[in-house]
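K.L.:
Dropping in my_file16.cif, with mmCIF, C-alpha atoms.
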data_start
#
loop_
_atom_site.label_atom_id
_atom_site.label_comp_id
_atom_site.auth_asym_id
_atom_site.auth_seq_id
_atom_site.Cartn_x
_atom_site.Cartn_y
_atom_site.Cartn_z
CA MET A 1 40.28 86.02 86.81
CA ARG A 2 43.55 85.41 88.61
CA HIS A 3 43.48 83.94 92.11
CA ARG A 4 44.70 86.48 94.64
CA SER A 5 47.28 84.86 96.93
CA ILE A 6 48.63 86.99 99.78
CA ILE A 7 51.87 86.02 101.49
CA THR A 8 53.15 88.10 104.39
CA LEU A 9 56.80 88.08 105.45
CA THR A 10 58.20 88.61 108.93
CA THR A 11 61.93 88.26 109.57
CA ASP A 12 64.82 89.62 111.61
CA PHE A 13 66.88 90.08 108.42
CA GLY A 14 66.64 93.87 108.17
CA LEU A 15 66.78 95.48 104.74
CA ALA A 16 70.48 96.15 104.26
CA ASP A 17 71.34 92.66 102.98
CA HIS A 18 70.05 90.49 100.14
CA PHE A 19 68.09 88.05 102.32
CA VAL A 20 64.57 89.46 101.99
CA GLY A 21 65.00 90.10 98.28
CA ALA A 22 66.18 86.54 97.68
CA MET A 23 63.16 85.10 99.49
CA LYS A 24 60.80 87.25 97.44
CA GLY A 25 62.55 86.18 94.25
CA VAL A 26 62.04 82.50 95.10
CA ILE A 27 58.34 83.05 95.84
CA LEU A 28 57.68 85.03 92.68
CA SER A 29 59.58 82.52 90.53
CA ILE A 30 57.12 79.84 91.70
CA ASN A 31 54.02 82.03 91.76
CA PRO A 32 54.38 85.31 89.84
CA ASP A 33 50.82 86.25 90.87
CA ALA A 34 51.56 86.17 94.61
CA GLU A 35 50.96 89.42 96.46
CA LEU A 36 53.76 89.96 98.99
CA VAL A 37 53.24 92.04 102.11
CA ASP A 38 56.07 92.93 104.50
CA LEU A 39 54.88 92.76 108.10
CA SER A 40 58.31 93.52 109.53
CA HIS A 41 61.96 92.83 108.81
CA GLN A 42 63.12 94.87 111.80
CA VAL A 43 62.34 92.35 114.54
CA SER A 44 65.31 92.21 116.92
CA SER A 45 67.78 89.50 115.97
CA TYR A 46 66.76 86.06 117.28
CA ASP A 47 63.73 87.56 119.07
CA ILE A 48 61.29 84.65 118.86
CA LEU A 49 58.79 86.03 121.38
CA GLY A 50 58.79 89.47 119.75
CA THR A 51 58.11 87.86 116.38
CA ALA A 52 55.30 85.79 117.88
CA PHE A 53 53.76 89.00 119.16
CA THR A 54 54.09 90.74 115.78
CA LEU A 55 52.36 87.85 114.03
CA ALA A 56 49.56 87.45 116.57
CA HIS A 57 48.65 91.12 116.47
CA SER A 58 48.81 91.47 112.68
CA CYS A 59 47.43 88.30 111.10
CA ARG A 60 43.85 88.83 112.26
CA TYR A 61 43.53 91.85 109.95
CA PHE A 62 44.29 89.97 106.73
CA PRO A 63 41.75 88.32 104.38
CA PRO A 64 40.92 84.63 104.80
CA GLY A 65 43.42 82.34 103.12
CA THR A 66 46.44 84.57 103.74
CA ILE A 67 49.75 82.73 104.14
CA HIS A 68 52.06 84.11 106.83
CA LEU A 69 55.76 83.34 106.43
CA ALA A 70 57.91 83.97 109.53
CA VAL A 71 61.65 83.41 109.58
CA VAL A 72 63.37 84.23 112.84
CA ASP A 73 65.50 81.16 113.09
CA PRO A 74 68.48 81.00 115.47
CA GLY A 75 68.40 77.18 115.08
CA VAL A 76 68.81 77.17 111.29
CA GLY A 77 70.78 74.12 110.14
CA THR A 78 70.10 72.14 113.32
CA ALA A 79 67.55 69.39 113.93
CA ARG A 80 64.74 71.89 114.58
CA ARG A 81 61.75 71.19 112.34
CA ALA A 82 60.09 73.30 109.68
CA ILE A 83 56.34 73.47 110.27
CA LEU A 84 53.18 74.45 108.45
CA ALA A 85 50.21 75.45 110.61
CA SER A 86 46.59 76.03 109.70
CA ALA A 87 44.87 78.17 112.31
CA GLY A 88 41.48 79.82 111.94
CA ASN A 89 41.34 80.97 108.32
CA ALA A 90 45.06 81.42 107.70
CA MET A 91 48.20 79.35 107.16
CA PHE A 92 51.63 79.87 108.72
CA VAL A 93 55.06 78.64 107.61
CA ALA A 94 57.88 78.90 110.13
CA PRO A 95 60.61 77.11 112.06
CA ASP A 96 59.39 75.04 115.00
CA ASN A 97 60.90 77.24 117.69
CA GLY A 98 57.83 78.84 119.28
CA VAL A 99 57.44 81.70 116.83
CA LEU A 100 53.83 80.63 116.13
CA SER A 101 52.92 80.14 119.81
CA LEU A 102 50.70 83.16 120.32
CA VAL A 103 48.84 82.59 117.05
CA LEU A 104 48.16 78.93 117.78
CA ASP A 105 47.24 79.47 121.43
CA ARG A 106 44.54 81.94 120.38
CA GLU A 107 42.69 79.29 118.38
CA PRO A 108 40.87 76.86 120.72
CA ASP A 109 40.07 73.37 119.54
CA ALA A 110 36.48 73.01 118.33
CA PRO A 111 34.53 69.94 119.52
CA SER A 112 34.13 68.51 116.01
CA ALA A 113 37.42 69.45 114.35
CA PRO A 114 40.63 71.07 115.60
CA ALA A 115 40.91 74.75 114.75
CA VAL A 116 44.69 74.28 114.75
CA GLU A 117 46.55 71.78 112.58
CA VAL A 118 50.35 71.68 112.57
CA ARG A 119 52.41 69.65 110.11
CA HIS A 120 56.10 68.79 110.00
CA ILE A 121 57.32 69.85 106.56
CA THR A 122 59.17 66.85 105.15
CA ALA A 123 58.30 66.90 101.41
CA GLU A 124 61.75 67.99 100.25
CA HIS A 125 60.81 68.04 96.56
CA TYR A 126 59.16 71.40 97.26
CA PHE A 127 62.45 72.86 98.54
CA LEU A 128 64.93 74.90 96.54
CA LYS A 129 68.00 72.78 95.79
CA PRO A 130 70.60 72.61 97.09
CA VAL A 131 69.37 73.50 100.58
CA SER A 132 71.82 75.76 102.38
CA ASN A 133 72.68 75.04 106.03
CA THR A 134 72.32 78.72 106.85
CA PHE A 135 69.45 80.12 104.76
CA HIS A 136 66.32 78.02 105.12
CA GLY A 137 64.26 81.19 104.66
CA ARG A 138 65.21 81.10 100.99
CA ASP A 139 65.53 77.37 100.42
CA VAL A 140 62.76 75.85 102.57
CA PHE A 141 60.23 78.32 103.93
CA ALA A 142 59.87 80.64 100.92
CA PRO A 143 59.24 77.84 98.38
CA VAL A 144 56.79 76.07 100.70
CA ALA A 145 54.81 79.31 101.12
CA ALA A 146 54.88 79.83 97.36
CA TRP A 147 53.61 76.33 96.55
CA LEU A 148 50.87 76.76 99.15
CA SER A 149 49.83 79.95 97.37
CA LYS A 150 49.67 77.95 94.12
CA GLY A 151 47.10 75.62 95.66
CA VAL A 152 49.18 72.71 96.96
CA LYS A 153 47.29 71.26 99.94
CA PRO A 154 48.85 71.34 103.42
CA GLU A 155 48.69 67.54 103.75
CA GLN A 156 51.07 67.22 100.82
CA PHE A 157 53.91 68.80 102.80
CA GLY A 158 54.03 66.35 105.72
CA GLU A 159 52.31 64.61 108.61
CA CYS A 160 50.52 66.25 111.51
CA VAL A 161 52.39 66.75 114.79
CA THR A 162 51.20 67.76 118.24
CA ASP A 163 54.53 68.25 120.03
CA TYR A 164 55.40 71.55 118.36
CA VAL A 165 57.23 74.13 120.49
CA ARG A 166 55.00 76.36 122.61
CA LEU A 167 56.01 79.57 124.33
CA SER A 168 53.73 81.73 126.42
CA LEU A 169 53.65 85.30 127.64
CA PRO A 170 54.22 85.62 131.37
CA ARG A 171 50.95 86.12 133.23
CA PRO A 172 50.40 88.83 135.88
CA GLU A 173 50.14 87.64 139.46
CA ARG A 174 47.81 88.92 142.19
CA LEU A 175 50.02 89.35 145.23
CA ASN A 176 47.04 90.41 147.35
CA PRO A 177 43.60 92.01 146.70
CA LYS A 178 45.24 95.41 146.29
CA CYS A 179 48.40 94.54 144.39
CA LEU A 180 49.06 93.00 140.98
CA ARG A 181 52.54 92.24 139.65
CA GLY A 182 53.14 92.11 135.92
CA ALA A 183 56.08 92.62 133.59
CA VAL A 184 57.24 94.58 130.56
CA ILE A 185 56.76 92.46 127.44
CA ARG A 186 57.56 94.88 124.63
CA ILE A 187 58.94 98.32 123.84
CA ASP A 188 57.86 99.83 120.55
CA ARG A 189 59.83 102.22 118.33
CA PHE A 190 58.21 105.23 120.03
CA GLY A 191 59.48 104.11 123.43
CA ASN A 192 56.05 103.11 124.73
CA VAL A 193 56.43 100.42 127.38
CA MET A 194 53.92 97.59 126.96
CA THR A 195 53.09 95.48 129.99
CA ASN A 196 51.34 92.10 130.14
CA ILE A 197 48.47 93.61 132.14
CA THR A 198 44.99 93.61 130.58
CA THR A 199 41.56 94.89 131.57
CA ALA A 200 40.65 91.41 132.80
CA ASP A 201 43.67 91.29 135.11
CA VAL A 202 42.75 94.46 137.02
CA PRO A 203 39.13 95.44 136.18
CA GLU A 204 39.05 97.88 139.11
CA LEU A 205 41.39 100.18 137.20
CA PHE A 206 38.84 100.55 134.39
CA ALA A 207 35.64 100.79 136.44
CA VAL A 208 33.45 103.88 136.22
CA SER A 209 34.39 104.73 139.80
CA ALA A 210 37.99 103.55 139.71
CA PRO A 211 39.91 103.73 142.99
CA PRO A 212 43.14 105.70 143.31
CA PHE A 213 46.09 103.68 142.05
CA LYS A 214 49.76 103.80 141.32
CA ILE A 215 51.81 101.78 138.87
CA GLU A 216 55.36 101.26 140.08
CA ILE A 217 58.05 100.67 137.47
CA GLN A 218 61.80 101.18 137.75
CA GLY A 219 61.40 103.17 140.96
CA ARG A 220 58.93 105.60 139.36
CA GLU A 221 55.18 105.93 139.94
CA VAL A 222 52.43 106.40 137.37
CA THR A 223 49.15 107.64 138.82
CA ARG A 224 47.02 108.57 135.82
CA LEU A 225 45.21 106.43 133.26
CA ALA A 226 44.84 108.52 130.09
CA ALA A 227 42.53 107.98 127.13
CA ASN A 228 45.35 108.38 124.59
CA PHE A 229 49.00 109.30 124.27
CA SER A 230 48.40 113.00 123.63
CA ALA A 231 46.41 113.36 126.86
CA GLY A 232 49.62 113.41 128.91
CA GLU A 233 51.34 116.59 130.01
CA PRO A 234 54.92 117.15 128.81
CA SER A 235 57.32 114.81 130.65
CA GLU A 236 54.41 113.12 132.47
CA LEU A 237 54.43 109.33 132.66
CA ILE A 238 50.92 108.05 131.98
CA ALA A 239 49.20 104.70 131.63
CA VAL A 240 47.26 104.03 128.41
CA MET A 241 45.23 101.05 127.28
CA GLY A 242 47.04 100.25 124.02
CA SER A 243 45.58 98.98 120.77
CA SER A 244 46.83 95.45 121.46
CA GLY A 245 44.81 95.22 124.67
CA PHE A 246 47.65 95.72 127.16
CA VAL A 247 48.37 98.56 129.57
CA GLU A 248 51.23 100.70 128.30
CA ILE A 249 53.38 103.30 130.03
CA ALA A 250 53.96 106.31 127.81
CA ILE A 251 55.01 109.95 127.57
CA ASN A 252 53.39 112.40 125.18
CA ARG A 253 55.83 112.75 122.24
CA GLY A 254 58.65 111.16 124.21
CA SER A 255 60.18 107.81 125.04
CA ALA A 256 58.98 106.35 128.31
CA ALA A 257 61.47 103.51 127.89
CA GLN A 258 64.36 105.94 127.71
CA ILE A 259 63.16 107.97 130.70
CA LEU A 260 62.69 104.83 132.77
CA GLY A 261 65.76 102.99 131.52
CA VAL A 262 63.59 99.90 131.27
CA GLN A 263 63.95 96.68 129.29
CA ARG A 264 61.71 93.72 128.53
CA GLY A 265 61.12 91.57 131.59
CA ALA A 266 61.25 94.42 134.10
CA PRO A 267 58.64 94.06 136.90
CA VAL A 268 55.57 96.31 136.99
CA GLU A 269 53.23 96.56 139.99
CA VAL A 270 49.72 97.98 140.11
CA ILE A 271 48.73 99.05 143.63
CA LEU A 272 45.10 99.98 144.27
CA GLY A 273 43.71 102.31 146.92
#
Starting from the coordinates I provided, produce the structure as structure tokens.
P.N.:
Amino acid sequence: MRHRSIITLTTDFGLADHFVGAMKGVILSINPDAELVDLSHQVSSYDILGTAFTLAHSCRYFPPGTIHLAVVDPGVGTARRAILASAGNAMFVAPDNGVLSLVLDREPDAPSAPAVEVRHITAEHYFLKPVSNTFHGRDVFAPVAAWLSKGVKPEQFGECVTDYVRLSLPRPERLNPKCLRGAVIRIDRFGNVMTNITTADVPELFAVSAPPFKIEIQGREVTRLAANFSAGEPSELIAVMGSSGFVEIAINRGSAAQILGVQRGAPVEVILG
């Protein structure tokens, strides 16, 4: 029985050029039995934090042993490192630019053994030769992921490091007992506006007897927390607890982002009472 090796791919390459196809060709040349899954190739160009979010909210749904390959790499050809991370029951291959931050931060260190192990990939005999200065996705990251899927152990690719790049989502701030300030962290393709506000940040909003509230964003007010997107009236801005665990601002069958003219980083305030 053949060993089932799953490799996911996340890039900002899009699908119009040859980049994704070339990476897949390299992987399948090394391991023809690899099962390739596209997470996304439509991440905004150079969007490291957006890629980190995509990985963190997708990888948990894959079988143990899955290898996640992420190439959003504005520093390609520079001194930035290539890294291989083992976290939980999965492995990740990526540039050391913070793209794995949200995945690695979710895995706390166990008392007996670290749940997270990060290695600097230095074993160049696993690379495709010659190595281009501009396409490490094909020449470095794809072959490393493929050899991993063939059973090569992580320790054979390089030594452990602890100074890998870490990014973090901005955290909401309590301005006073009645006011919480957060920010927009993502806008999806439907125009739903995701904030960094969770149930834990403002539990009052989700209590059985929730107080009146308003969410202020871009000079507009949202005053209703709906169970789902379709619960909103036409043209009504509503708040929804999204599937990723963050409060989202939405419009039923419309783009809240377009109506609000909002971008990532815009402030959001929740005012209670």
K.L.:
My list of candidates is A:Thr198, A:Gln156, A:Thr10, A:Ser40. Which is closest to Ala94 of chain A when distances are computed with all atoms listed in the file?
P.N.:
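Answer, going by the shortest atom-to-atom distance: A:Thr10.
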K.L.:
Excluding same-chain residues fewer than 5 positions from segment 202-208 of chain A, what lies within 12 Å of it counting only C-alpha atoms, as a PyMOL selection string?
P.N.:
chain A and resi 172-174+176-182+196-197+213-215+223-227+239-241+246-247+269-273
K.L.:
For a cut-off of 12 Å around (61.2, 82.7, 123.7), file coordinates, pick out all residues using all atoms listed in the file and list them as an NGL selection string.
P.N.:
:A and (46-53 or 72-74 or 96-102 or 165-170 or 185 or 265)
K.L.:
Any idea what's packed within 8 Å of segment 137-154 of chain A, counting only C-alpha atoms, ignoring anything in its chain fewer than 6 positions away? Could you give it as a tab-separated table (two decimals) with C-alpha atoms, in the frame of the given file?
P.N.:
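Okay, selection.tsv is ready:
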chain	number	residue	atom	x	y	z
A	5	SER	CA	47.28	84.86	96.93
A	6	ILE	CA	48.63	86.99	99.78
A	7	ILE	CA	51.87	86.02	101.49
A	19	PHE	CA	68.09	88.05	102.32
A	22	ALA	CA	66.18	86.54	97.68
A	23	MET	CA	63.16	85.10	99.49
A	24	LYS	CA	60.80	87.25	97.44
A	26	VAL	CA	62.04	82.50	95.10
A	27	ILE	CA	58.34	83.05	95.84
A	28	LEU	CA	57.68	85.03	92.68
A	30	ILE	CA	57.12	79.84	91.70
A	31	ASN	CA	54.02	82.03	91.76
A	34	ALA	CA	51.56	86.17	94.61
A	67	ILE	CA	49.75	82.73	104.14
A	68	HIS	CA	52.06	84.11	106.83
A	69	LEU	CA	55.76	83.34	106.43
A	71	VAL	CA	61.65	83.41	109.58
A	82	ALA	CA	60.09	73.30	109.68
A	84	LEU	CA	53.18	74.45	108.45
A	93	VAL	CA	55.06	78.64	107.61
A	94	ALA	CA	57.88	78.90	110.13
A	119	ARG	CA	52.41	69.65	110.11
A	126	TYR	CA	59.16	71.40	97.26
A	127	PHE	CA	62.45	72.86	98.54
A	128	LEU	CA	64.93	74.90	96.54
A	129	LYS	CA	68.00	72.78	95.79
A	130	PRO	CA	70.60	72.61	97.09
A	131	VAL	CA	69.37	73.50	100.58
K.L.:
So, with all atoms listed in the file as the atoms that count, which of A:Val262, A:Val116, A:Ile217, A:Met194 lies closest to Ala250 of chain A?
P.N.:
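Smallest separation from Ala250 of chain A among the options: A:Met194.
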K.L.:
Which residue gives the smallest distance to Arg264 of chain A among A:Gly245, A:Gly219, A:Pro211, A:Gly191, with all atoms listed in the file counted?
P.N.:
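Nearest candidate to Arg264 of chain A out of A:Gly245, A:Gly219, A:Pro211, A:Gly191: A:Gly191.
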K.L.:
Output the residue selection produced by the PyMOL selection byres ((chain A and resi 255) around 6) on the file above, formatted as a PyMOL selection string.
P.N.:
chain A and resi 190-191+254+256-258
K.L.:
Enter the distance from atom CA of Ile83 of chain A to atom CA of Ala16 of chain A, in Å, rounded to one decimal.
P.N.:
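Distance reported for this atom pair: 27.4 Å.
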K.L.:
One decimal, Å: what's the distance from atom CA of Gln263 of chain A over to atom CA of Thr8 of chain A, could you say?
P.N.:
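According to the coordinates, atom CA of Gln263 of chain A and atom CA of Thr8 of chain A are separated by 28.5 Å.
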K.L.:
Around segment 66-82 of chain A, with edges along x, y and z and 6 Å added on all six sides, what centre and edge lengths do you get, in Å to one decimal, as JSON?
P.N.:
{"center_x": 58.6, "center_y": 77.0, "center_z": 109.6, "size_x": 36.3, "size_y": 27.2, "size_z": 23.7}
K.L.:
Given the file shown, determine the residues that the PyMOL selection byres ((chain A and resi 236) around 9) selects; report them as a VMD selection string.
P.N.:
chain A and resid 222 232 to 235 237 to 238 250 to 252
K.L.:
Write out as a list in words each polymer residue whose atoms come within 7 Å of Ser86 of chain A, counting all atoms listed in the file; drop sequence neighbours fewer than 6 positions from it.
P.N.:
Phe92, Val116, Glu117 and Val118 of chain A
K.L.:
In Å, rounded to a single decimal, give me how far atom CA of Gly261 of chain A is from atom CA of Ser45 of chain A.
P.N.:
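These atoms are spaced 20.7 Å apart.
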